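Chemist: Just so it is clear, I am handing over final_27.cif, which has mmCIF, C-alpha atoms.
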```
data_structure
loop_
_atom_site.label_atom_id
_atom_site.label_comp_id
_atom_site.auth_asym_id
_atom_site.auth_seq_id
_atom_site.Cartn_x
_atom_site.Cartn_y
_atom_site.Cartn_z
CA ASN A 1 -5.70 -7.87 6.24
CA GLY A 2 -4.71 -5.69 3.30
CA GLY A 3 -7.92 -3.67 2.99
CA PHE A 4 -8.06 0.06 2.27
CA ILE A 5 -10.66 2.87 2.46
CA PHE A 6 -10.59 6.06 0.38
CA ALA A 7 -13.32 8.58 1.22
CA GLU A 8 -14.17 12.18 0.38
CA ALA A 9 -16.78 14.59 1.63
CA CYS A 10 -19.19 15.32 -1.22
CA CYS A 11 -19.44 19.08 -1.72
CA GLY A 12 -17.28 19.44 1.39
CA SER A 13 -20.12 18.21 3.62
CA GLU A 14 -19.28 19.06 7.24
CA ASP A 15 -21.83 16.54 8.52
CA PHE A 16 -20.24 13.68 6.54
CA THR A 17 -16.78 14.78 7.65
CA LYS A 18 -17.83 14.76 11.31
CA ARG A 19 -19.53 11.36 11.09
CA PHE A 20 -16.74 9.74 9.07
CA ARG A 21 -14.10 10.89 11.55
CA GLU A 22 -16.21 9.48 14.40
CA LEU A 23 -16.61 6.17 12.55
CA ILE A 24 -12.87 5.74 11.94
CA GLU A 25 -12.08 6.63 15.54
CA LYS A 26 -14.60 4.02 16.69
CA ILE A 27 -13.28 1.15 14.54
CA SER A 28 -9.55 1.89 14.73
CA GLU A 29 -7.45 -0.20 17.10
CA SER A 30 -5.54 2.82 18.42
CA LYS A 31 -8.68 4.97 18.88
CA GLU A 32 -6.59 7.90 17.68
CA GLY A 33 -8.64 8.63 14.59
CA LEU A 34 -7.57 10.44 11.43
CA LYS A 35 -4.42 12.54 11.27
CA VAL A 36 -3.35 15.05 8.60
CA LEU A 37 -0.94 13.51 6.07
CA ASP A 38 2.22 15.57 5.74
CA SER A 39 3.92 16.57 2.50
CA ASN A 40 6.36 13.63 2.73
CA HIS A 41 3.65 10.99 2.58
CA PRO A 42 4.10 8.71 -0.47
CA VAL A 43 0.51 9.26 -1.62
CA TRP A 44 1.64 12.59 -3.07
CA ASN A 45 4.05 10.92 -5.49
CA ALA A 46 3.15 7.23 -5.70
CA GLU A 47 2.57 7.59 -9.47
CA PHE A 48 2.46 11.33 -10.24
CA GLU A 49 3.87 14.37 -8.48
CA VAL A 50 0.95 16.18 -6.82
CA ASP A 51 1.44 19.39 -4.87
CA PRO A 52 0.35 18.69 -1.25
CA ARG A 53 -1.20 22.17 -1.21
CA PHE A 54 -3.81 20.97 -3.72
CA CYS A 55 -5.97 19.58 -0.94
CA LYS A 56 -5.75 18.44 2.66
CA LEU A 57 -5.72 14.69 3.20
CA GLU A 58 -6.19 12.84 6.46
CA GLY A 59 -5.23 9.25 7.16
CA LEU A 60 -5.25 6.39 9.63
CA ASN A 61 -2.08 4.37 10.03
CA GLN A 62 -2.14 0.70 10.90
CA GLY A 63 1.19 -1.02 11.22
CA CYS A 64 3.33 -0.25 8.20
CA LYS A 65 0.71 1.49 6.11
CA THR A 66 -1.94 4.20 5.96
CA VAL A 67 -5.11 2.11 5.54
CA VAL A 68 -7.64 4.97 5.39
CA ILE A 69 -7.26 8.19 3.38
CA PHE A 70 -9.93 10.88 3.62
CA SER A 71 -10.37 14.18 1.82
CA PRO A 72 -12.65 16.67 3.59
CA GLN A 73 -12.58 18.65 0.34
CA PRO A 74 -14.61 17.52 -2.71
CA LEU A 75 -12.74 15.71 -5.49
CA ALA A 76 -15.34 13.59 -7.27
CA GLY A 77 -16.70 16.52 -9.30
CA TRP A 78 -13.57 16.62 -11.43
CA TRP A 79 -13.73 12.86 -11.96
CA ASN A 80 -17.45 12.87 -12.71
CA ASN A 81 -17.03 15.63 -15.30
CA ASN A 82 -13.96 13.90 -16.74
CA ASP A 83 -12.04 17.15 -16.27
CA HIS A 84 -8.44 16.02 -16.67
CA THR A 85 -7.24 19.10 -18.58
CA SER A 86 -7.66 22.01 -16.15
CA ASN A 87 -4.93 22.40 -13.56
CA LYS A 88 -7.13 21.34 -10.65
CA GLY A 89 -8.82 18.60 -12.66
CA LYS A 90 -5.46 17.14 -13.65
CA SER A 91 -4.32 17.21 -10.02
CA ALA A 92 -7.53 15.44 -8.95
CA PHE A 93 -6.99 12.65 -11.49
CA HIS A 94 -3.31 12.35 -10.61
CA LEU A 95 -4.18 12.15 -6.92
CA ALA A 96 -6.72 9.39 -7.61
CA ALA A 97 -4.06 7.42 -9.48
CA ASN A 98 -1.67 7.93 -6.58
CA VAL A 99 -4.20 6.64 -4.05
CA ILE A 100 -4.81 3.52 -6.14
CA ALA A 101 -1.07 2.96 -6.59
CA TYR A 102 -0.47 3.39 -2.87
CA ALA A 103 -3.38 1.17 -1.82
CA THR A 104 -2.49 -1.70 -4.16
CA GLY A 105 1.28 -1.44 -3.94
CA LYS A 106 1.14 -1.41 -7.76
CA GLU A 107 0.41 -5.14 -7.73
CA LEU A 108 -2.08 -6.56 -10.21
CA PRO A 109 -5.30 -7.91 -8.69
CA LYS A 110 -5.68 -11.65 -8.23
CA PRO A 111 -7.92 -13.53 -10.70
CA ARG A 112 -11.63 -13.35 -10.04
CA LEU A 113 -12.99 -15.85 -7.48
CA THR A 114 -9.56 -16.17 -5.86
CA ARG A 115 -10.04 -17.17 -2.23
CA PHE A 116 -8.19 -15.05 0.33
CA GLU A 117 -7.14 -16.25 3.75
CA ILE A 118 -7.98 -13.93 6.62
CA VAL A 119 -5.92 -14.37 9.76
CA GLY A 120 -8.07 -13.36 12.71
CA ASP A 121 -7.03 -11.88 16.04
CA GLN A 122 -8.11 -14.87 18.09
CA ASP A 123 -6.64 -18.35 17.90
CA VAL A 124 -9.52 -20.70 18.69
CA LYS A 125 -7.23 -23.72 18.69
CA LYS A 126 -5.66 -24.35 22.08
CA PRO A 127 -1.93 -25.01 21.61
CA PRO A 128 -0.84 -28.48 22.80
CA ARG A 129 2.10 -29.16 25.04
CA GLY A 130 5.43 -28.61 23.32
CA TYR A 131 4.11 -26.16 20.70
CA LEU A 132 6.28 -23.44 19.16
CA GLN A 133 5.71 -20.02 20.70
CA VAL A 134 7.08 -16.95 18.92
CA ALA A 135 8.44 -14.03 20.92
CA GLN A 136 8.27 -10.74 19.02
CA LEU A 137 10.95 -8.35 20.24
CA VAL A 138 10.53 -4.61 20.70
CA HIS A 139 13.29 -2.22 21.73
CA GLN A 140 11.65 -0.82 24.85
CA LYS A 141 8.94 -1.61 27.37
CA ASP A 142 5.37 -0.78 26.33
CA ALA A 143 6.43 -0.31 22.69
CA LYS A 144 3.96 -1.72 20.18
CA PRO A 145 5.20 -3.91 17.32
CA LEU A 146 4.94 -2.26 13.92
CA ALA A 147 3.61 -5.40 12.22
CA PRO A 148 1.63 -7.21 14.94
CA LYS A 149 -0.01 -9.68 12.54
CA ALA A 150 3.09 -10.61 10.55
CA MET A 151 3.95 -13.67 12.63
CA ARG A 152 0.33 -14.78 12.73
CA VAL A 153 0.42 -15.00 8.94
CA ALA A 154 3.75 -16.86 9.00
CA MET A 155 2.58 -19.31 11.67
CA GLN A 156 -0.64 -19.93 9.77
CA GLU A 157 1.52 -21.11 6.86
CA VAL A 158 3.46 -23.42 9.16
CA ARG A 159 0.28 -24.79 10.72
CA LYS A 160 -0.87 -25.93 7.26
CA LEU A 161 1.88 -28.55 7.52
CA ASN A 162 0.21 -29.94 10.67
CA LEU A 163 2.96 -28.55 12.88
CA GLU A 164 1.96 -27.36 16.33
CA VAL A 165 2.46 -23.61 16.62
CA ASN A 166 0.76 -20.79 18.47
CA LEU A 167 -0.44 -18.09 16.07
CA GLN A 168 -0.24 -15.29 18.62
CA PRO A 169 3.28 -14.01 19.41
CA ARG A 170 4.33 -12.85 22.86
CA ILE A 171 5.68 -9.29 22.95
CA LEU A 172 8.99 -9.01 24.82
CA THR A 173 11.86 -6.55 25.00
CA LEU A 174 15.48 -7.29 24.14
CA THR A 175 16.24 -7.42 27.86
CA SER A 176 13.13 -9.11 29.30
CA THR A 177 13.86 -11.09 32.46
CA GLY A 178 11.99 -13.12 35.03
CA ASP A 179 12.04 -16.42 36.88
CA GLN A 180 11.79 -19.75 35.06
CA SER A 181 7.98 -19.76 35.03
CA ASP A 182 7.65 -16.11 34.00
CA PRO A 183 6.36 -15.77 30.40
CA ARG A 184 8.47 -12.61 30.08
CA ASN A 185 11.68 -14.61 30.53
CA LEU A 186 13.58 -14.72 27.22
CA LEU A 187 15.05 -18.10 28.18
CA ASN A 188 11.61 -19.68 27.78
CA TYR A 189 11.61 -19.08 24.01
CA LYS A 190 13.52 -20.45 21.04
CA PHE A 191 12.12 -18.43 18.13
CA PHE A 192 12.22 -14.64 18.02
CA TYR A 193 11.07 -12.03 15.52
CA MET A 194 12.03 -8.35 15.26
CA HIS A 195 10.73 -5.77 12.78
CA ASP A 196 10.71 -1.98 12.86
CA ARG A 197 11.48 1.12 10.83
CA ASN A 198 13.00 3.26 13.57
CA GLY A 199 16.51 3.17 14.94
CA PHE A 200 16.90 2.18 18.59
CA ALA A 201 19.36 2.44 21.46
CA ILE A 202 21.49 -0.64 22.08
CA PRO A 203 21.13 -1.99 25.64
CA PRO A 204 24.27 -2.59 27.72
CA LYS A 205 25.92 -5.93 26.93
CA GLU A 206 25.22 -7.34 30.39
CA ASN A 207 21.49 -6.82 29.80
CA LEU A 208 21.63 -8.85 26.58
CA LYS A 209 23.08 -12.00 28.17
CA ASP A 210 19.77 -13.91 28.27
CA LEU A 211 19.03 -13.22 24.60
CA LYS A 212 22.56 -14.22 23.63
CA PHE A 213 22.40 -17.41 25.70
CA THR A 214 19.12 -18.64 24.28
CA LEU A 215 20.20 -17.88 20.70
CA GLU A 216 23.45 -19.78 21.17
CA ASN A 217 21.59 -22.72 22.69
CA GLY A 218 18.96 -23.66 20.14
CA GLY A 219 17.29 -20.31 19.56
CA LEU A 220 16.88 -18.34 16.33
CA LEU A 221 16.11 -14.68 15.62
CA LEU A 222 14.43 -13.62 12.38
CA ALA A 223 14.55 -9.87 11.78
CA ASP A 224 13.85 -7.46 8.93
CA ALA A 225 13.91 -3.73 8.29
CA ALA A 226 10.41 -2.37 7.70
CA CYS A 227 10.26 -1.22 4.07
CA GLY A 228 14.05 -1.35 3.94
CA SER A 229 14.51 1.25 6.69
CA THR A 230 18.15 2.34 6.86
CA GLN A 231 17.66 3.59 10.44
CA PHE A 232 16.61 0.15 11.69
CA ASP A 233 19.27 -1.52 9.56
CA GLU A 234 22.05 0.51 11.19
CA SER A 235 20.75 -0.13 14.71
CA PHE A 236 20.26 -3.84 14.13
CA ARG A 237 23.83 -4.25 12.91
CA GLU A 238 25.03 -2.46 16.04
CA LEU A 239 22.94 -4.86 18.12
CA MET A 240 24.67 -7.81 16.45
CA LYS A 241 28.07 -6.28 17.26
CA ALA A 242 27.02 -5.91 20.89
CA LEU A 243 25.99 -9.58 21.02
CA TRP A 244 28.97 -10.98 19.11
CA PRO A 245 31.85 -8.50 18.74
CA ASP A 246 33.93 -11.08 16.84
CA LYS A 247 31.22 -11.85 14.28
CA LYS A 248 29.25 -9.94 11.68
CA LEU A 249 26.25 -10.53 9.49
CA GLU A 250 27.25 -12.48 6.38
CA ARG A 251 25.37 -13.11 3.15
CA ILE A 252 23.51 -16.43 3.22
CA ASP A 253 24.64 -18.08 0.01
CA VAL A 254 21.67 -19.61 -1.80
CA GLN A 255 23.42 -22.54 -3.45
CA ALA A 256 25.32 -23.58 -0.33
CA ASN A 257 22.12 -23.40 1.72
CA GLN A 258 20.22 -25.66 -0.66
CA ALA A 259 22.24 -28.58 0.72
CA LYS A 260 20.33 -31.22 2.67
CA ASN A 261 18.40 -29.80 5.64
CA GLU A 262 19.75 -26.29 5.08
CA LEU A 263 17.64 -23.12 4.97
CA PHE A 264 16.72 -23.13 1.27
CA SER A 265 16.75 -26.91 0.82
CA LYS A 266 14.11 -29.22 -0.59
CA GLU A 267 14.11 -31.20 2.66
CA VAL A 268 13.10 -28.15 4.69
CA ASN A 269 10.71 -26.47 2.26
CA GLY A 270 9.32 -29.24 0.04
CA VAL A 271 11.01 -27.59 -2.95
CA ALA A 272 14.36 -25.83 -3.05
CA ILE A 273 14.11 -22.03 -2.90
CA ASP A 274 15.97 -20.36 -5.78
CA THR A 275 14.29 -17.01 -6.31
CA VAL A 276 11.90 -14.55 -4.68
CA LYS A 277 10.40 -11.20 -5.68
CA TYR A 278 11.34 -7.84 -4.19
CA ARG A 279 11.49 -4.13 -4.90
CA LEU A 280 14.88 -2.45 -4.62
CA ARG A 281 15.99 1.16 -4.39
CA ASP A 282 17.87 2.54 -7.39
CA GLU A 283 21.38 3.46 -6.27
CA LYS A 284 21.57 6.54 -8.50
CA SER A 285 18.11 8.08 -8.28
CA LYS A 286 17.45 6.77 -4.74
CA LYS A 287 13.89 6.04 -5.85
CA VAL A 288 12.19 2.71 -5.27
CA ASP A 289 11.90 0.59 -8.41
CA ARG A 290 8.47 0.62 -9.98
CA ASP A 291 8.41 -3.14 -10.61
CA PHE A 292 9.40 -6.17 -8.60
CA THR A 293 12.69 -7.89 -9.38
CA VAL A 294 12.94 -11.68 -9.48
CA GLY A 295 16.21 -12.73 -7.92
CA PRO A 296 17.91 -14.87 -5.27
CA PRO A 297 17.04 -14.33 -1.59
CA LEU A 298 19.20 -11.53 -0.17
CA LEU A 299 19.30 -12.73 3.42
CA GLU A 300 22.15 -12.28 5.87
CA GLY A 301 22.91 -14.16 9.05
CA ILE A 302 25.18 -15.11 11.90
CA LYS A 303 26.18 -18.76 12.15
CA ILE A 304 27.43 -20.42 15.34
CA ASN A 305 28.52 -24.07 15.48
CA GLY A 306 27.18 -24.75 12.00
CA ARG A 307 23.72 -23.29 12.68
CA TRP A 308 22.17 -19.96 11.75
CA VAL A 309 21.21 -18.24 15.01
CA VAL A 310 20.26 -14.94 13.34
CA ILE A 311 18.63 -14.55 9.93
CA TYR A 312 18.21 -10.96 8.79
CA SER A 313 16.70 -9.23 5.77
CA LYS A 314 17.45 -5.58 5.05
CA LEU A 315 14.48 -5.87 2.67
CA ASP A 316 11.02 -5.79 4.21
CA ILE A 317 9.25 -9.02 5.15
CA GLY A 318 6.85 -8.03 7.95
CA CYS A 319 4.84 -5.35 6.15
CA ALA A 320 4.51 -7.67 3.15
CA LEU A 321 3.22 -10.48 5.38
CA GLU A 322 0.45 -8.14 6.53
CA LYS A 323 -0.18 -7.02 2.92
CA HIS A 324 0.70 -3.50 4.03
CA HIS A 325 3.59 -2.94 1.64
CA THR A 326 3.36 0.20 -0.53
CA PRO A 327 5.02 1.46 -3.74
CA ASP A 328 7.73 3.17 -1.68
CA CYS A 329 8.42 -0.02 0.30
CA VAL A 330 11.81 -1.62 -0.32
CA GLY A 331 11.04 -5.27 0.22
CA HIS A 332 9.36 -8.50 -0.81
CA ASP A 333 5.94 -9.16 -2.24
CA HIS A 334 3.42 -11.02 -0.06
CA ASP A 335 4.03 -14.51 -1.45
CA SER A 336 7.80 -14.21 -1.18
CA ALA A 337 7.54 -12.92 2.38
CA LYS A 338 5.43 -15.94 3.32
CA LEU A 339 7.88 -18.28 1.61
CA LEU A 340 10.91 -16.88 3.42
CA ALA A 341 9.25 -16.60 6.83
CA ARG A 342 8.00 -20.17 6.59
CA ALA A 343 11.45 -21.38 5.53
CA VAL A 344 13.07 -19.77 8.57
CA VAL A 345 10.52 -21.28 10.98
CA LEU A 346 10.88 -24.75 9.44
CA TYR A 347 14.67 -24.46 9.56
CA ALA A 348 14.47 -23.50 13.25
CA LEU A 349 12.23 -26.47 14.03
CA ARG A 350 14.63 -28.90 12.32
CA ARG A 351 17.74 -27.54 14.01
#
```
Could you show the structure in this file as structure tokens?
Modeler:
Amino acid sequence: NGGFIFAEACCGSEDFTKRFRELIEKISESKEGLKVLDSNHPVWNAEFEVDPRFCKLEGLNQGCKTVVIFSPQPLAGWWNNNDHTSNKGKSAFHLAANVIAYATGKELPKPRLTRFEIVGDQDVKKPPRGYLQVAQLVHQKDAKPLAPKAMRVAMQEVRKLNLEVNLQPRILTLTSTGDQSDPRNLLNYKFFYMHDRNGFAIPPKENLKDLKFTLENGGLLLADAACGSTQFDESFRELMKALWPDKKLERIDVQANQAKNELFSKEVNGVAIDTVKYRLRDEKSKKVDRDFTVGPPLLEGIKINGRWVVIYSKLDIGCALEKHHTPDCVGHDHDSAKLLARAVVLYALRR
């Protein structure tokens, strides 16, 4: 739920290192424990350039983000002595700044006493008949979704409007099949979500017929590229070509889609959606912008018979929903991600 742990072994304590590793392995969902962070990890340059040879860092990944960073080597001595002038002292201070920048996503803290909503793993409310059930799509069997709590956050927002939705998504593949009563049958669902950072192989067209049918007959697919991943973006566009060779993703014009009962309209959202916040990648330097930009939603989609059947964002939504976006993440802030995800769900329910 957006939390982060930074730990170090005082004086290089082997006992603390052993016990901390055991603790993280015990509480982590994957049970894999800490892994060494490689030189490409954004913690080395989130704010300052720090040589990865300065110290070894270990981390635990959860979804889109490293949520635990541990140094088995001592660092606090340089901070405690306020040594920011020696080479190693400067590196220690720069690394601390990087960890903070990475953990917070360079977002300012909320005002004191702000109440935070925590979306749990269990939905104690039994869904009534006719509720909306989300199917989260993965590219192959047994694959785990990168942002497993993203749709729980989105559905929690929808439930605030007293609409009947199930918070827990069902995990299906692009080609899931089964008889009419089988929960793995794609034809039993009308709202789908897909989010990843890796590219994927496109299934044969004949294996995509159920997904295509349900989308063309009242279904809707929301998808986004995790932290603006170009690999996923390329694969997703190929998937759309496989589904509809005569169509392509088109920009969803904001003004046109503020018309009555359209995606960004007042009727759907309570207020018309004009702007959201996101980080972009600078075209020249290829670096992610330091600050968020306020601008119009940059969504794309495929429309069939006057209805959006696919709504896609090449900017991240899922990691932001989980509060796991980082300074190197090309995508929306948490509030904008909630706003857009809710808008898509409400649009789907109305259409």
Chemist: By how many Å are atom CA of Asp182 of chain A and atom CA of Leu215 of chain A apart?
Modeler: 18.4 Å
Chemist: Do you know which residues the PyMOL selection byres ((chain A and resi 270) around 12) returns on this file, as an NGL selection string?
Modeler: :A and (161 or 258 or 260-269 or 271-273 or 339 or 342-343 or 346-347)
Chemist: Please identify all polymer residues within 9 Å of segment 247-256 of chain A, counting all atoms listed in the file, omitting same-chain residues fewer than 4 positions from it, and present them as a VMD selection string.
Modeler: chain A and resid 237 240 to 241 243 262 to 264 273 to 274 296 to 303 310 to 312
Chemist: For the residues selected in the previous step, produce a file with C-alpha atoms as an mmCIF file, in the frame of the given file.
Modeler:
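The resulting file, result-v5.cif, is shown below:
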```
data_model
loop_
_atom_site.group_PDB
_atom_site.id
_atom_site.type_symbol
_atom_site.label_atom_id
_atom_site.label_comp_id
_atom_site.auth_asym_id
_atom_site.auth_seq_id
_atom_site.Cartn_x
_atom_site.Cartn_y
_atom_site.Cartn_z
ATOM 1 C CA ARG A 237 23.830 -4.250 12.910
ATOM 2 C CA MET A 240 24.670 -7.810 16.450
ATOM 3 C CA LYS A 241 28.070 -6.280 17.260
ATOM 4 C CA LEU A 243 25.990 -9.580 21.020
ATOM 5 C CA GLU A 262 19.750 -26.290 5.080
ATOM 6 C CA LEU A 263 17.640 -23.120 4.970
ATOM 7 C CA PHE A 264 16.720 -23.130 1.270
ATOM 8 C CA ILE A 273 14.110 -22.030 -2.900
ATOM 9 C CA ASP A 274 15.970 -20.360 -5.780
ATOM 10 C CA PRO A 296 17.910 -14.870 -5.270
ATOM 11 C CA PRO A 297 17.040 -14.330 -1.590
ATOM 12 C CA LEU A 298 19.200 -11.530 -0.170
ATOM 13 C CA LEU A 299 19.300 -12.730 3.420
ATOM 14 C CA GLU A 300 22.150 -12.280 5.870
ATOM 15 C CA GLY A 301 22.910 -14.160 9.050
ATOM 16 C CA ILE A 302 25.180 -15.110 11.900
ATOM 17 C CA LYS A 303 26.180 -18.760 12.150
ATOM 18 C CA VAL A 310 20.260 -14.940 13.340
ATOM 19 C CA ILE A 311 18.630 -14.550 9.930
ATOM 20 C CA TYR A 312 18.210 -10.960 8.790
#
```
Chemist: Applied to the shown file, which residues does the PyMOL selection byres ((chain A and resi 144) around 12) return, written as a count of residues only?
Modeler: 24
Chemist: Go through the shown structure with the PyMOL selection byres ((chain A and resi 134) around 7) and write out the matching residues as a list in words.
Modeler: Leu132, Gln133, Ala135, Gln136, Pro169, Arg170, Phe191 and Phe192 of chain A
Chemist: Which distance in Å separates atom CA of Leu60 of chain A and atom CA of Asn166 of chain A, to one decimal?
Modeler: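 It comes out at 29.2 Å.
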Chemist: Rounded to one decimal, what separation in Å do you get between atom CA of Thr177 of chain A and atom CA of Phe200 of chain A?
Modeler: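 That distance, rounded to one decimal, is 19.4 Å.
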